[in-house]
Structure formats: structure tokens, C-alpha cells
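Next comes model-v3.pdb, a file with PDB, C-alpha atoms.
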ATOM      1  CA  MET R   1      31.526  45.555  24.231  1.00  0.00           C
ATOM      2  CA  LEU R   2      32.962  47.155  27.369  1.00  0.00           C
ATOM      3  CA  THR R   3      36.648  47.963  27.470  1.00  0.00           C
ATOM      4  CA  ALA R   4      38.836  46.586  30.236  1.00  0.00           C
ATOM      5  CA  HIS R   5      39.378  50.163  31.458  1.00  0.00           C
ATOM      6  CA  THR R   6      35.628  50.822  31.719  1.00  0.00           C
ATOM      7  CA  ILE R   7      35.083  47.548  33.593  1.00  0.00           C
ATOM      8  CA  LYS R   8      37.880  48.448  36.008  1.00  0.00           C
ATOM      9  CA  ILE R   9      36.324  51.856  36.734  1.00  0.00           C
ATOM     10  CA  LEU R  10      32.851  50.399  37.296  1.00  0.00           C
ATOM     11  CA  GLN R  11      34.225  47.680  39.576  1.00  0.00           C
ATOM     12  CA  SER R  12      36.005  50.330  41.647  1.00  0.00           C
ATOM     13  CA  LEU R  13      32.706  52.064  42.462  1.00  0.00           C
ATOM     14  CA  ASP R  14      32.131  49.717  45.383  1.00  0.00           C
ATOM     15  CA  LYS R  15      34.622  51.926  47.262  1.00  0.00           C
ATOM     16  CA  LYS R  16      33.779  55.416  48.490  1.00  0.00           C
ATOM     17  CA  LYS R  17      37.068  57.003  47.378  1.00  0.00           C
ATOM     18  CA  PHE R  18      36.509  55.935  43.781  1.00  0.00           C
ATOM     19  CA  ARG R  19      32.857  56.983  43.787  1.00  0.00           C
ATOM     20  CA  GLN R  20      34.061  60.409  44.881  1.00  0.00           C
ATOM     21  CA  LYS R  21      36.927  60.408  42.371  1.00  0.00           C
ATOM     22  CA  TYR R  22      34.668  59.724  39.391  1.00  0.00           C
ATOM     23  CA  ASN R  23      31.508  61.303  40.897  1.00  0.00           C
ATOM     24  CA  LEU R  24      29.620  58.146  39.895  1.00  0.00           C
ATOM     25  CA  PHE R  25      27.593  55.383  41.529  1.00  0.00           C
ATOM     26  CA  LEU R  26      25.687  52.340  40.269  1.00  0.00           C
ATOM     27  CA  VAL R  27      22.004  51.469  40.391  1.00  0.00           C
ATOM     28  CA  GLU R  28      21.142  47.858  39.548  1.00  0.00           C
ATOM     29  CA  GLY R  29      17.945  46.317  38.215  1.00  0.00           C
ATOM     30  CA  ASN R  30      15.321  47.649  35.809  1.00  0.00           C
ATOM     31  CA  LYS R  31      12.729  48.079  38.556  1.00  0.00           C
ATOM     32  CA  ILE R  32      14.867  50.569  40.491  1.00  0.00           C
ATOM     33  CA  ILE R  33      16.399  52.135  37.371  1.00  0.00           C
ATOM     34  CA  CYS R  34      12.913  53.021  36.103  1.00  0.00           C
ATOM     35  CA  GLU R  35      12.435  55.266  39.151  1.00  0.00           C
ATOM     36  CA  LEU R  36      15.420  57.434  38.243  1.00  0.00           C
ATOM     37  CA  PRO R  37      13.725  59.639  35.585  1.00  0.00           C
ATOM     38  CA  ASN R  38      11.320  60.922  38.254  1.00  0.00           C
ATOM     39  CA  SER R  39      14.179  61.883  40.571  1.00  0.00           C
ATOM     40  CA  ASN R  40      16.905  64.536  40.556  1.00  0.00           C
ATOM     41  CA  PHE R  41      19.605  61.951  39.763  1.00  0.00           C
ATOM     42  CA  LYS R  42      21.160  62.197  36.314  1.00  0.00           C
ATOM     43  CA  ILE R  43      21.978  58.984  34.444  1.00  0.00           C
ATOM     44  CA  LYS R  44      25.263  58.862  32.536  1.00  0.00           C
ATOM     45  CA  GLU R  45      24.448  55.617  30.729  1.00  0.00           C
ATOM     46  CA  ILE R  46      22.656  52.309  31.113  1.00  0.00           C
ATOM     47  CA  LEU R  47      24.339  48.964  30.499  1.00  0.00           C
ATOM     48  CA  SER R  48      21.804  46.235  29.787  1.00  0.00           C
ATOM     49  CA  THR R  49      21.613  42.636  28.608  1.00  0.00           C
ATOM     50  CA  ASP R  50      18.146  43.406  27.207  1.00  0.00           C
ATOM     51  CA  PRO R  51      17.968  47.079  26.102  1.00  0.00           C
ATOM     52  CA  GLU R  52      14.488  46.622  24.613  1.00  0.00           C
ATOM     53  CA  LYS R  53      13.042  46.510  28.140  1.00  0.00           C
ATOM     54  CA  ILE R  54      14.255  50.039  28.909  1.00  0.00           C
ATOM     55  CA  LYS R  55      12.582  52.962  27.160  1.00  0.00           C
ATOM     56  CA  PHE R  56      14.679  56.021  28.037  1.00  0.00           C
ATOM     57  CA  SER R  57      14.871  58.289  25.006  1.00  0.00           C
ATOM     58  CA  ASP R  58      17.501  60.710  26.321  1.00  0.00           C
ATOM     59  CA  VAL R  59      19.961  58.235  27.929  1.00  0.00           C
ATOM     60  CA  PRO R  60      22.639  56.163  26.149  1.00  0.00           C
ATOM     61  CA  ILE R  61      21.788  52.462  26.472  1.00  0.00           C
ATOM     62  CA  ILE R  62      24.602  50.020  25.781  1.00  0.00           C
ATOM     63  CA  HIS R  63      23.993  46.354  25.044  1.00  0.00           C
ATOM     64  CA  ILE R  64      26.291  44.141  27.148  1.00  0.00           C
ATOM     65  CA  SER R  65      26.681  40.402  27.546  1.00  0.00           C
ATOM     66  CA  GLU R  66      25.710  38.340  30.606  1.00  0.00           C
ATOM     67  CA  ASN R  67      29.409  37.835  31.293  1.00  0.00           C
ATOM     68  CA  GLU R  68      30.084  41.590  31.222  1.00  0.00           C
ATOM     69  CA  LEU R  69      27.143  42.163  33.565  1.00  0.00           C
ATOM     70  CA  LYS R  70      28.606  39.697  36.056  1.00  0.00           C
ATOM     71  CA  LYS R  71      31.911  41.552  35.984  1.00  0.00           C
ATOM     72  CA  ILE R  72      30.430  44.959  36.833  1.00  0.00           C
ATOM     73  CA  SER R  73      27.563  43.910  39.118  1.00  0.00           C
ATOM     74  CA  PHE R  74      27.900  43.998  42.914  1.00  0.00           C
ATOM     75  CA  LEU R  75      25.091  41.459  43.346  1.00  0.00           C
ATOM     76  CA  LYS R  76      25.502  37.704  43.807  1.00  0.00           C
ATOM     77  CA  THR R  77      22.759  37.250  41.233  1.00  0.00           C
ATOM     78  CA  PRO R  78      23.100  40.160  38.771  1.00  0.00           C
ATOM     79  CA  LYS R  79      19.945  41.860  37.527  1.00  0.00           C
ATOM     80  CA  ASP R  80      19.206  42.728  33.902  1.00  0.00           C
ATOM     81  CA  SER R  81      20.712  46.221  33.798  1.00  0.00           C
ATOM     82  CA  VAL R  82      23.088  48.599  35.538  1.00  0.00           C
ATOM     83  CA  ALA R  83      22.667  52.389  35.453  1.00  0.00           C
ATOM     84  CA  VAL R  84      25.786  54.510  35.875  1.00  0.00           C
ATOM     85  CA  CYS R  85      24.628  57.685  37.624  1.00  0.00           C
ATOM     86  CA  TYR R  86      26.169  60.967  38.701  1.00  0.00           C
ATOM     87  CA  MET R  87      26.290  61.714  42.420  1.00  0.00           C
ATOM     88  CA  ASN R  88      24.332  64.782  43.538  1.00  0.00           C
ATOM     89  CA  SER R  89      25.728  67.684  45.496  1.00  0.00           C
ATOM     90  CA  GLU R  90      24.382  67.723  49.041  1.00  0.00           C
ATOM     91  CA  LYS R  91      21.682  70.249  49.924  1.00  0.00           C
ATOM     92  CA  LYS R  92      20.117  70.474  53.375  1.00  0.00           C
ATOM     93  CA  MET R  93      16.399  71.214  53.586  1.00  0.00           C
ATOM     94  CA  ALA R  94      14.765  73.128  56.434  1.00  0.00           C
ATOM     95  CA  ASP R  95      14.005  70.747  59.305  1.00  0.00           C
ATOM     96  CA  PRO R  96      10.682  68.970  58.616  1.00  0.00           C
ATOM     97  CA  ASP R  97       8.261  68.076  61.415  1.00  0.00           C
ATOM     98  CA  ILE R  98       9.661  64.542  61.692  1.00  0.00           C
ATOM     99  CA  GLN R  99      13.201  63.704  60.737  1.00  0.00           C
ATOM    100  CA  ILE R 100      15.538  60.749  61.261  1.00  0.00           C
ATOM    101  CA  VAL R 101      19.038  61.367  62.611  1.00  0.00           C
ATOM    102  CA  LEU R 102      21.661  58.604  62.418  1.00  0.00           C
ATOM    103  CA  ASP R 103      24.659  58.476  64.743  1.00  0.00           C
ATOM    104  CA  GLY R 104      27.322  56.140  63.377  1.00  0.00           C
ATOM    105  CA  ILE R 105      25.176  53.571  61.538  1.00  0.00           C
ATOM    106  CA  GLN R 106      27.662  51.211  59.864  1.00  0.00           C
ATOM    107  CA  ASP R 107      25.679  48.451  58.199  1.00  0.00           C
ATOM    108  CA  PRO R 108      24.654  49.382  54.632  1.00  0.00           C
ATOM    109  CA  GLY R 109      21.631  47.091  54.809  1.00  0.00           C
ATOM    110  CA  ASN R 110      20.382  48.949  57.882  1.00  0.00           C
ATOM    111  CA  LEU R 111      20.830  52.339  56.236  1.00  0.00           C
ATOM    112  CA  GLY R 112      19.059  51.191  53.076  1.00  0.00           C
ATOM    113  CA  THR R 113      16.152  49.826  55.120  1.00  0.00           C
ATOM    114  CA  ILE R 114      15.909  53.029  57.170  1.00  0.00           C
ATOM    115  CA  ILE R 115      15.806  55.079  53.941  1.00  0.00           C
ATOM    116  CA  ARG R 116      12.995  52.828  52.738  1.00  0.00           C
ATOM    117  CA  LEU R 117      11.148  53.320  56.036  1.00  0.00           C
ATOM    118  CA  ALA R 118      11.558  57.081  55.775  1.00  0.00           C
ATOM    119  CA  ASP R 119      10.074  56.996  52.285  1.00  0.00           C
ATOM    120  CA  TRP R 120       7.177  54.821  53.473  1.00  0.00           C
ATOM    121  CA  PHE R 121       6.290  57.273  56.237  1.00  0.00           C
ATOM    122  CA  GLY R 122       6.824  60.361  54.090  1.00  0.00           C
ATOM    123  CA  ILE R 123       9.958  61.533  55.890  1.00  0.00           C
ATOM    124  CA  GLU R 124      11.819  63.682  53.407  1.00  0.00           C
ATOM    125  CA  GLN R 125      15.224  64.041  55.064  1.00  0.00           C
ATOM    126  CA  ILE R 126      17.735  61.979  57.047  1.00  0.00           C
ATOM    127  CA  ILE R 127      20.621  63.648  58.882  1.00  0.00           C
ATOM    128  CA  CYS R 128      23.735  61.456  59.260  1.00  0.00           C
ATOM    129  CA  SER R 129      26.893  61.710  61.322  1.00  0.00           C
ATOM    130  CA  GLU R 130      30.018  61.991  59.216  1.00  0.00           C
ATOM    131  CA  ASP R 131      31.005  58.387  60.049  1.00  0.00           C
ATOM    132  CA  THR R 132      27.663  56.857  59.032  1.00  0.00           C
ATOM    133  CA  VAL R 133      28.005  54.447  56.092  1.00  0.00           C
ATOM    134  CA  ASP R 134      28.061  56.200  52.719  1.00  0.00           C
ATOM    135  CA  PHE R 135      24.657  56.733  51.149  1.00  0.00           C
ATOM    136  CA  TYR R 136      26.033  55.775  47.707  1.00  0.00           C
ATOM    137  CA  ASN R 137      27.359  52.406  48.882  1.00  0.00           C
ATOM    138  CA  PRO R 138      25.898  49.854  46.414  1.00  0.00           C
ATOM    139  CA  LYS R 139      24.409  47.791  49.259  1.00  0.00           C
ATOM    140  CA  VAL R 140      22.638  50.881  50.619  1.00  0.00           C
ATOM    141  CA  ILE R 141      21.226  51.744  47.191  1.00  0.00           C
ATOM    142  CA  GLN R 142      20.021  48.165  46.685  1.00  0.00           C
ATOM    143  CA  ALA R 143      18.473  47.826  50.161  1.00  0.00           C
ATOM    144  CA  SER R 144      16.577  51.099  49.760  1.00  0.00           C
ATOM    145  CA  MET R 145      14.748  49.619  46.731  1.00  0.00           C
ATOM    146  CA  GLY R 146      14.422  52.958  44.943  1.00  0.00           C
ATOM    147  CA  SER R 147      13.544  54.995  48.036  1.00  0.00           C
ATOM    148  CA  PHE R 148      16.936  56.709  47.853  1.00  0.00           C
ATOM    149  CA  THR R 149      15.472  58.796  45.016  1.00  0.00           C
ATOM    150  CA  ARG R 150      12.901  60.361  47.358  1.00  0.00           C
ATOM    151  CA  VAL R 151      14.780  60.936  50.643  1.00  0.00           C
ATOM    152  CA  ASN R 152      17.290  63.768  51.062  1.00  0.00           C
ATOM    153  CA  MET R 153      20.504  62.665  52.791  1.00  0.00           C
ATOM    154  CA  VAL R 154      22.750  65.087  54.688  1.00  0.00           C
ATOM    155  CA  TYR R 155      26.078  64.275  56.377  1.00  0.00           C
ATOM    156  CA  CYS R 156      27.318  66.693  59.026  1.00  0.00           C
ATOM    157  CA  ASN R 157      28.802  67.186  62.484  1.00  0.00           C
ATOM    158  CA  LEU R 158      25.963  65.875  64.658  1.00  0.00           C
ATOM    159  CA  THR R 159      26.967  67.793  67.770  1.00  0.00           C
ATOM    160  CA  ASP R 160      26.751  71.080  65.876  1.00  0.00           C
ATOM    161  CA  TYR R 161      23.500  70.110  64.195  1.00  0.00           C
ATOM    162  CA  LEU R 162      21.709  68.801  67.302  1.00  0.00           C
ATOM    163  CA  SER R 163      22.824  71.835  69.306  1.00  0.00           C
ATOM    164  CA  ASN R 164      21.109  74.200  66.875  1.00  0.00           C
ATOM    165  CA  THR R 165      18.031  72.334  65.633  1.00  0.00           C
ATOM    166  CA  GLU R 166      14.610  73.616  66.642  1.00  0.00           C
ATOM    167  CA  ASN R 167      13.219  70.065  66.674  1.00  0.00           C
ATOM    168  CA  VAL R 168      12.938  68.062  69.893  1.00  0.00           C
ATOM    169  CA  ASN R 169      15.789  65.524  70.008  1.00  0.00           C
ATOM    170  CA  ILE R 170      14.428  62.076  70.871  1.00  0.00           C
ATOM    171  CA  GLY R 171      16.662  59.038  71.339  1.00  0.00           C
ATOM    172  CA  THR R 172      16.127  55.378  72.129  1.00  0.00           C
ATOM    173  CA  ASP R 173      17.017  53.951  75.530  1.00  0.00           C
ATOM    174  CA  MET R 174      15.993  50.789  77.394  1.00  0.00           C
ATOM    175  CA  GLU R 175      15.042  53.034  80.327  1.00  0.00           C
ATOM    176  CA  GLY R 176      13.219  55.583  78.183  1.00  0.00           C
ATOM    177  CA  GLU R 177       9.513  56.386  78.149  1.00  0.00           C
ATOM    178  CA  ASN R 178       7.231  53.681  76.746  1.00  0.00           C
ATOM    179  CA  ILE R 179       6.743  54.556  73.059  1.00  0.00           C
ATOM    180  CA  TYR R 180       3.084  53.510  73.274  1.00  0.00           C
ATOM    181  CA  GLN R 181       2.475  56.123  75.981  1.00  0.00           C
ATOM    182  CA  PHE R 182       4.762  58.795  74.591  1.00  0.00           C
ATOM    183  CA  GLU R 183       3.242  62.166  73.705  1.00  0.00           C
ATOM    184  CA  LYS R 184       4.637  63.181  70.331  1.00  0.00           C
ATOM    185  CA  PRO R 185       6.063  66.720  70.024  1.00  0.00           C
ATOM    186  CA  LYS R 186       5.024  68.793  67.001  1.00  0.00           C
ATOM    187  CA  LYS R 187       8.577  68.782  65.608  1.00  0.00           C
ATOM    188  CA  LEU R 188      11.073  66.045  66.406  1.00  0.00           C
ATOM    189  CA  ASN R 189      14.304  64.345  65.447  1.00  0.00           C
ATOM    190  CA  LEU R 190      14.319  60.573  65.975  1.00  0.00           C
ATOM    191  CA  ILE R 191      17.952  59.740  66.731  1.00  0.00           C
ATOM    192  CA  LEU R 192      19.208  56.207  66.158  1.00  0.00           C
ATOM    193  CA  GLY R 193      22.644  55.076  67.313  1.00  0.00           C
ATOM    194  CA  ASN R 194      25.345  52.697  66.159  1.00  0.00           C
ATOM    195  CA  GLU R 195      24.379  49.009  65.912  1.00  0.00           C
ATOM    196  CA  GLY R 196      26.831  47.848  68.574  1.00  0.00           C
ATOM    197  CA  ASN R 197      27.574  50.895  70.706  1.00  0.00           C
ATOM    198  CA  GLY R 198      24.427  52.979  70.469  1.00  0.00           C
ATOM    199  CA  MET R 199      24.665  56.756  70.557  1.00  0.00           C
ATOM    200  CA  ARG R 200      27.966  58.360  71.472  1.00  0.00           C
ATOM    201  CA  PRO R 201      28.011  60.289  74.772  1.00  0.00           C
ATOM    202  CA  GLU R 202      28.128  63.724  73.130  1.00  0.00           C
ATOM    203  CA  THR R 203      24.917  62.868  71.251  1.00  0.00           C
ATOM    204  CA  GLU R 204      23.167  61.569  74.381  1.00  0.00           C
ATOM    205  CA  LYS R 205      23.890  64.859  76.142  1.00  0.00           C
ATOM    206  CA  LEU R 206      21.818  66.692  73.524  1.00  0.00           C
ATOM    207  CA  LEU R 207      18.710  64.518  73.899  1.00  0.00           C
ATOM    208  CA  HIS R 208      15.560  66.169  75.205  1.00  0.00           C
ATOM    209  CA  LYS R 209      13.648  62.897  75.660  1.00  0.00           C
ATOM    210  CA  SER R 210      14.206  59.135  75.417  1.00  0.00           C
ATOM    211  CA  VAL R 211      11.796  56.408  74.367  1.00  0.00           C
ATOM    212  CA  SER R 212      11.846  52.631  74.640  1.00  0.00           C
ATOM    213  CA  ILE R 213      10.023  49.731  73.007  1.00  0.00           C
ATOM    214  CA  PRO R 214       8.541  47.515  75.737  1.00  0.00           C
ATOM    215  CA  ARG R 215       9.158  43.792  75.481  1.00  0.00           C
ATOM    216  CA  PHE R 216       5.969  41.731  75.624  1.00  0.00           C
ATOM    217  CA  GLY R 217       7.440  38.247  75.259  1.00  0.00           C
ATOM    218  CA  THR R 218       7.913  36.098  78.343  1.00  0.00           C
ATOM    219  CA  SER R 219      11.444  35.170  77.275  1.00  0.00           C
ATOM    220  CA  GLN R 220      14.091  37.670  78.304  1.00  0.00           C
ATOM    221  CA  SER R 221      16.825  36.207  76.102  1.00  0.00           C
ATOM    222  CA  THR R 222      16.549  38.809  73.318  1.00  0.00           C
ATOM    223  CA  GLU R 223      18.655  41.731  74.476  1.00  0.00           C
ATOM    224  CA  SER R 224      17.790  44.260  71.774  1.00  0.00           C
ATOM    225  CA  LEU R 225      16.231  44.881  68.376  1.00  0.00           C
ATOM    226  CA  ASN R 226      18.018  45.543  65.112  1.00  0.00           C
ATOM    227  CA  VAL R 227      18.213  49.323  64.598  1.00  0.00           C
ATOM    228  CA  SER R 228      16.086  49.281  61.443  1.00  0.00           C
ATOM    229  CA  MET R 229      13.465  47.080  63.145  1.00  0.00           C
ATOM    230  CA  ALA R 230      13.340  49.487  66.090  1.00  0.00           C
ATOM    231  CA  ALA R 231      13.017  52.431  63.697  1.00  0.00           C
ATOM    232  CA  GLY R 232      10.019  50.817  61.997  1.00  0.00           C
ATOM    233  CA  ILE R 233       8.213  50.164  65.296  1.00  0.00           C
ATOM    234  CA  ILE R 234       8.850  53.679  66.629  1.00  0.00           C
ATOM    235  CA  LEU R 235       7.857  55.425  63.403  1.00  0.00           C
ATOM    236  CA  GLY R 236       4.699  53.351  63.146  1.00  0.00           C
ATOM    237  CA  GLN R 237       3.708  54.438  66.643  1.00  0.00           C
ATOM    238  CA  LEU R 238       4.652  58.100  66.142  1.00  0.00           C
ATOM    239  CA  PHE R 239       2.595  58.346  62.965  1.00  0.00           C
ATOM    240  CA  SER R 240      -0.425  56.724  64.627  1.00  0.00           C
ATOM    241  CA  LYS R 241      -0.739  59.620  67.082  1.00  0.00           C
TER
END

What is this file in C-alpha cells?
Amino acid sequence: MLTAHTIKILQSLDKKKFRQKYNLFLVEGNKIICELPNSNFKIKEILSTDPEKIKFSDVPIIHISENELKKISFLKTPKDSVAVCYMNSEKKMADPDIQIVLDGIQDPGNLGTIIRLADWFGIEQIICSEDTVDFYNPKVIQASMGSFTRVNMVYCNLTDYLSNTENVNIGTDMEGENIYQFEKPKKLNLILGNEGNGMRPETEKLLHKSVSIPRFGTSQSTESLNVSMAAGIILGQLFSK
């Protein structure tokens, strides 16, 4: 049985300041939890309504009730288990040939989907502006569907980073070069801007090239694509070259 104090701490982990205070975050659902042993994330403990379904020999597994699971879960329909994990210290890798750079992404679902896309295309690192939604946000972790275990996340001052990177900085713009005709550089950063405002001016100034996704439909009523949808289309085209 979980104590009221433990429940209060776990419930607080939906907020960044408490995740940082306790150095903990939650991973929900056996399917995603089972990917953790193959990652560099350390599990503190697993709370499960059916411990027999989890076979981790070196991790404490605590049997909890359905009611306790509902209290600590951040999902509308709680899964079978919750893993309490330690946050990792941030370590930047050398710039890979293709890298995603995020400028002010705010929606956790978008970030989680972009992490999943990066994993799908074998992109090992995402660089984020300091005001991009927190990687450990429970909605980001859930939307990434386990891909967060395989993509390195770095938060930094984007102006400093983009000024010093050796990769070609490529952004999205309605007036940019057609992505289907674009000649891919050997090393590039694909920069994606805020959902409502796009890239901030200081980021745009550091772009070397811009690309656009042409609209083929006869209707002109759709003004733009969701940032994660646009990322998927652009990455698919870049990796086909």
C-alpha cells in the first residue's frame, strides 16, 4: 500500500519543478516500461497492479491497487504499471549528419511525436531551445512511445549553438525551396519553429537554407501543417535522397 506522502510526491511529477526537485519522472504502461532495461535510464521502482507480468530481477516491484494506480497515473485510462525513473544528466553528442533542432516547441504531444520520428529515421540527437517543452513531461514521454530511450535530448541557447555548428542550418518557410527538389547537404540541422509563431527572428538569421512543402490540393483553405506532420514529410523526403 502506498503512503499518502508517496502518492503526493508521484502526483507532483507532472510539474517540471518537482521533477527537478526529486530528480524523478514517470513512465506508464508495461509496453514502454519493458524498453527501459535496454536504455541508460535507471528505474527506482515499479508500481504495478499485476506484478507477475513484469520480469525485472534487479528492480523493486510493488503491488498496488487499481485505485492507487488511478491516483498516481497521468492518463485518463491508466495502464497496468508505472515506473518511477531517475532523470539523466544531459550530455551533448558530436553533431550527427542529420539532426533536429527545435525552437520553442510548446505542445508535449508534438515533441513526443517528433522524438518518435527521430527514432524511426535513426536520428540520434535533438537540440532544443531552453523554452521548448520539457522532455520529461509525462505527455511527452507517453507520446514518444518508448522512443525517448533512444534519442539524446539537449537543451541550450539556440543562437549560440546555431552560430557554431558545422551543420547546414535548414528551416521551414512557405517561400522556401520545394522539399522535393531540394539537394540535401551532407550534414544538416532541420530547424522547426514554435507551433503558432514559427522560428524567432534571431534563429531565422542563422539559417543557411529554407525549404517548403508544396500544397497539391485544390483547396487553399488549409493554411499550414502541424509541426510534427511537417517534420515527418520533410524527414521522409530527406532520407529518400

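For the pair CA of Asn189 (chain R) and CA of Ser144 (chain R), the interatomic distance is 20.7 Å.
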
From R:Ile100, R:Ile115, R:Ile64, R:Ile54, residue lying nearest Met145 (chain R) [all atoms listed in the file]: R:Ile115

Output of the PyMOL selection byres ((chain R and resi 166-181) around 6), listed as a list in words: Thr165, Phe182, Lys187, Leu188, Asn189, Leu190, Ile191, Leu207, His208, Lys209, Ser210, Val211, Ser212 and Ile213 of chain R

Emit the selected residues as a JSON list (two decimals), in the coordinates of the input, including C-alpha atoms.
[["chain", "number", "residue", "atom", "x", "y", "z"],
["R", 165, "THR", "CA", 18.03, 72.33, 65.63],
["R", 182, "PHE", "CA", 4.76, 58.80, 74.59],
["R", 187, "LYS", "CA", 8.58, 68.78, 65.61],
["R", 188, "LEU", "CA", 11.07, 66.04, 66.41],
["R", 189, "ASN", "CA", 14.30, 64.34, 65.45],
["R", 190, "LEU", "CA", 14.32, 60.57, 65.97],
["R", 191, "ILE", "CA", 17.95, 59.74, 66.73],
["R", 207, "LEU", "CA", 18.71, 64.52, 73.90],
["R", 208, "HIS", "CA", 15.56, 66.17, 75.20],
["R", 209, "LYS", "CA", 13.65, 62.90, 75.66],
["R", 210, "SER", "CA", 14.21, 59.14, 75.42],
["R", 211, "VAL", "CA", 11.80, 56.41, 74.37],
["R", 212, "SER", "CA", 11.85, 52.63, 74.64],
["R", 213, "ILE", "CA", 10.02, 49.73, 73.01]]

Chain and number of each residue from the PyMOL selection byres ((chain R and resi 68) around 10), as a PyMOL selection string: chain R and resi 1-3+7+47-49+63-67+69-73

Option closest in space to Leu75 (chain R), from R:Leu10, R:Gln142, R:Met93, R:Leu102 [counting all atoms listed in the file]: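 Checking each of R:Leu10, R:Gln142, R:Met93, R:Leu102 against Leu75 (chain R), counting all atoms listed in the file, the winner is R:Gln142.
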
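The nearest approach to Pro78 (chain R) among the residues R:Gly29, R:Ala230, R:Lys241, R:Asp160, with only C-alpha atoms taken into account, belongs to R:Gly29.
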
For this file, the PyMOL selection byres ((chain R and resi 51) around 12) selects which residues, as a CSV table (one decimal) with C-alpha atoms, keeping the file's coordinate frame?
chain,number,residue,atom,x,y,z
R,30,ASN,CA,15.3,47.6,35.8
R,45,GLU,CA,24.4,55.6,30.7
R,46,ILE,CA,22.7,52.3,31.1
R,47,LEU,CA,24.3,49.0,30.5
R,48,SER,CA,21.8,46.2,29.8
R,49,THR,CA,21.6,42.6,28.6
R,50,ASP,CA,18.1,43.4,27.2
R,52,GLU,CA,14.5,46.6,24.6
R,53,LYS,CA,13.0,46.5,28.1
R,54,ILE,CA,14.3,50.0,28.9
R,55,LYS,CA,12.6,53.0,27.2
R,56,PHE,CA,14.7,56.0,28.0
R,57,SER,CA,14.9,58.3,25.0
R,59,VAL,CA,20.0,58.2,27.9
R,60,PRO,CA,22.6,56.2,26.1
R,61,ILE,CA,21.8,52.5,26.5
R,62,ILE,CA,24.6,50.0,25.8
R,63,HIS,CA,24.0,46.4,25.0
R,64,ILE,CA,26.3,44.1,27.1
R,65,SER,CA,26.7,40.4,27.5
R,80,ASP,CA,19.2,42.7,33.9
R,81,SER,CA,20.7,46.2,33.8
R,82,VAL,CA,23.1,48.6,35.5
R,83,ALA,CA,22.7,52.4,35.5

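Here CA of Tyr161 (chain R) and CA of Phe135 (chain R) stand 18.7 Å from one another.
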
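Atom pair CA of Cys34 (chain R) / CA of His5 (chain R): separated by 27.0 Å.
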
Among the residues R:Tyr136, R:Phe121, R:Phe239, R:Phe74, the one that comes closest to Glu28 (chain R) [using all atoms listed in the file]: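 For Glu28 (chain R), the nearest of the candidates is R:Phe74.
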
Contacts of Leu111 (chain R) at 8 Å (all atoms listed in the file; same-chain gap of 5+ positions) as a list in words: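 Listing them by chain and then by number gives Ile105, Gln106, Val133, Phe135, Val140, Ala143, Ser144 and Ser228 of chain R.
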
Selected residue, from R:Asn40, R:Asn197, R:Gln20, R:Ser147, that lies nearest to Trp120 (chain R) when counting only C-alpha atoms: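 Nearest candidate to Trp120 (chain R) out of R:Asn40, R:Asn197, R:Gln20, R:Ser147: R:Ser147.
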
If we count all atoms listed in the file, what is near region 198-205 of chain R at a cut-off of 7 Å, once residues fewer than 3 positions away on the same chain are taken out, given as a PDB file with C-alpha atoms, in the frame of the given file?
ATOM      1  CA  ASP R 103      24.659  58.476  64.743  1.00  0.00           C
ATOM      2  CA  THR R 159      26.967  67.793  67.770  1.00  0.00           C
ATOM      3  CA  GLY R 193      22.644  55.076  67.313  1.00  0.00           C
ATOM      4  CA  ASN R 194      25.345  52.697  66.159  1.00  0.00           C
ATOM      5  CA  GLU R 195      24.379  49.009  65.912  1.00  0.00           C
TER       6      GLU R 195
END

Nearest candidate to Asn226 (chain R) (options R:Pro214, R:Gly196, R:Leu36, R:Ile123; using all atoms listed in the file):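 Of R:Pro214, R:Gly196, R:Leu36, R:Ile123, the one nearest Asn226 (chain R), counting all atoms listed in the file, is R:Gly196.
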
Output as lines of an AutoDock Vina configuration file the centre and edge lengths (Å, one decimal) of the box along x, y and z of the file that holds every listed atom of region 12-27 of chain R after adding 5 Å on each side.
center_x = 29.5
center_y = 55.5
center_z = 43.9
size_x = 25.1
size_y = 21.6
size_z = 19.1

Exercise: Leu13 (chain R) partners within 10 Å, all atoms listed in the file, chain neighbours under 4 positions left out, as JSON, numbers by chain: {"R": [8, 9, 17, 18, 19, 20, 21, 22, 23, 24, 25, 26, 72, 74, 84, 136, 137, 138]}

With C-alpha atoms retained, could you export that selection as a JSON list (two decimals), in the frame of the given file?
[["chain", "number", "residue", "atom", "x", "y", "z"],
["R", 8, "LYS", "CA", 37.88, 48.45, 36.01],
["R", 9, "ILE", "CA", 36.32, 51.86, 36.73],
["R", 17, "LYS", "CA", 37.07, 57.00, 47.38],
["R", 18, "PHE", "CA", 36.51, 55.94, 43.78],
["R", 19, "ARG", "CA", 32.86, 56.98, 43.79],
["R", 20, "GLN", "CA", 34.06, 60.41, 44.88],
["R", 21, "LYS", "CA", 36.93, 60.41, 42.37],
["R", 22, "TYR", "CA", 34.67, 59.72, 39.39],
["R", 23, "ASN", "CA", 31.51, 61.30, 40.90],
["R", 24, "LEU", "CA", 29.62, 58.15, 39.90],
["R", 25, "PHE", "CA", 27.59, 55.38, 41.53],
["R", 26, "LEU", "CA", 25.69, 52.34, 40.27],
["R", 72, "ILE", "CA", 30.43, 44.96, 36.83],
["R", 74, "PHE", "CA", 27.90, 44.00, 42.91],
["R", 84, "VAL", "CA", 25.79, 54.51, 35.88],
["R", 136, "TYR", "CA", 26.03, 55.78, 47.71],
["R", 137, "ASN", "CA", 27.36, 52.41, 48.88],
["R", 138, "PRO", "CA", 25.90, 49.85, 46.41]]
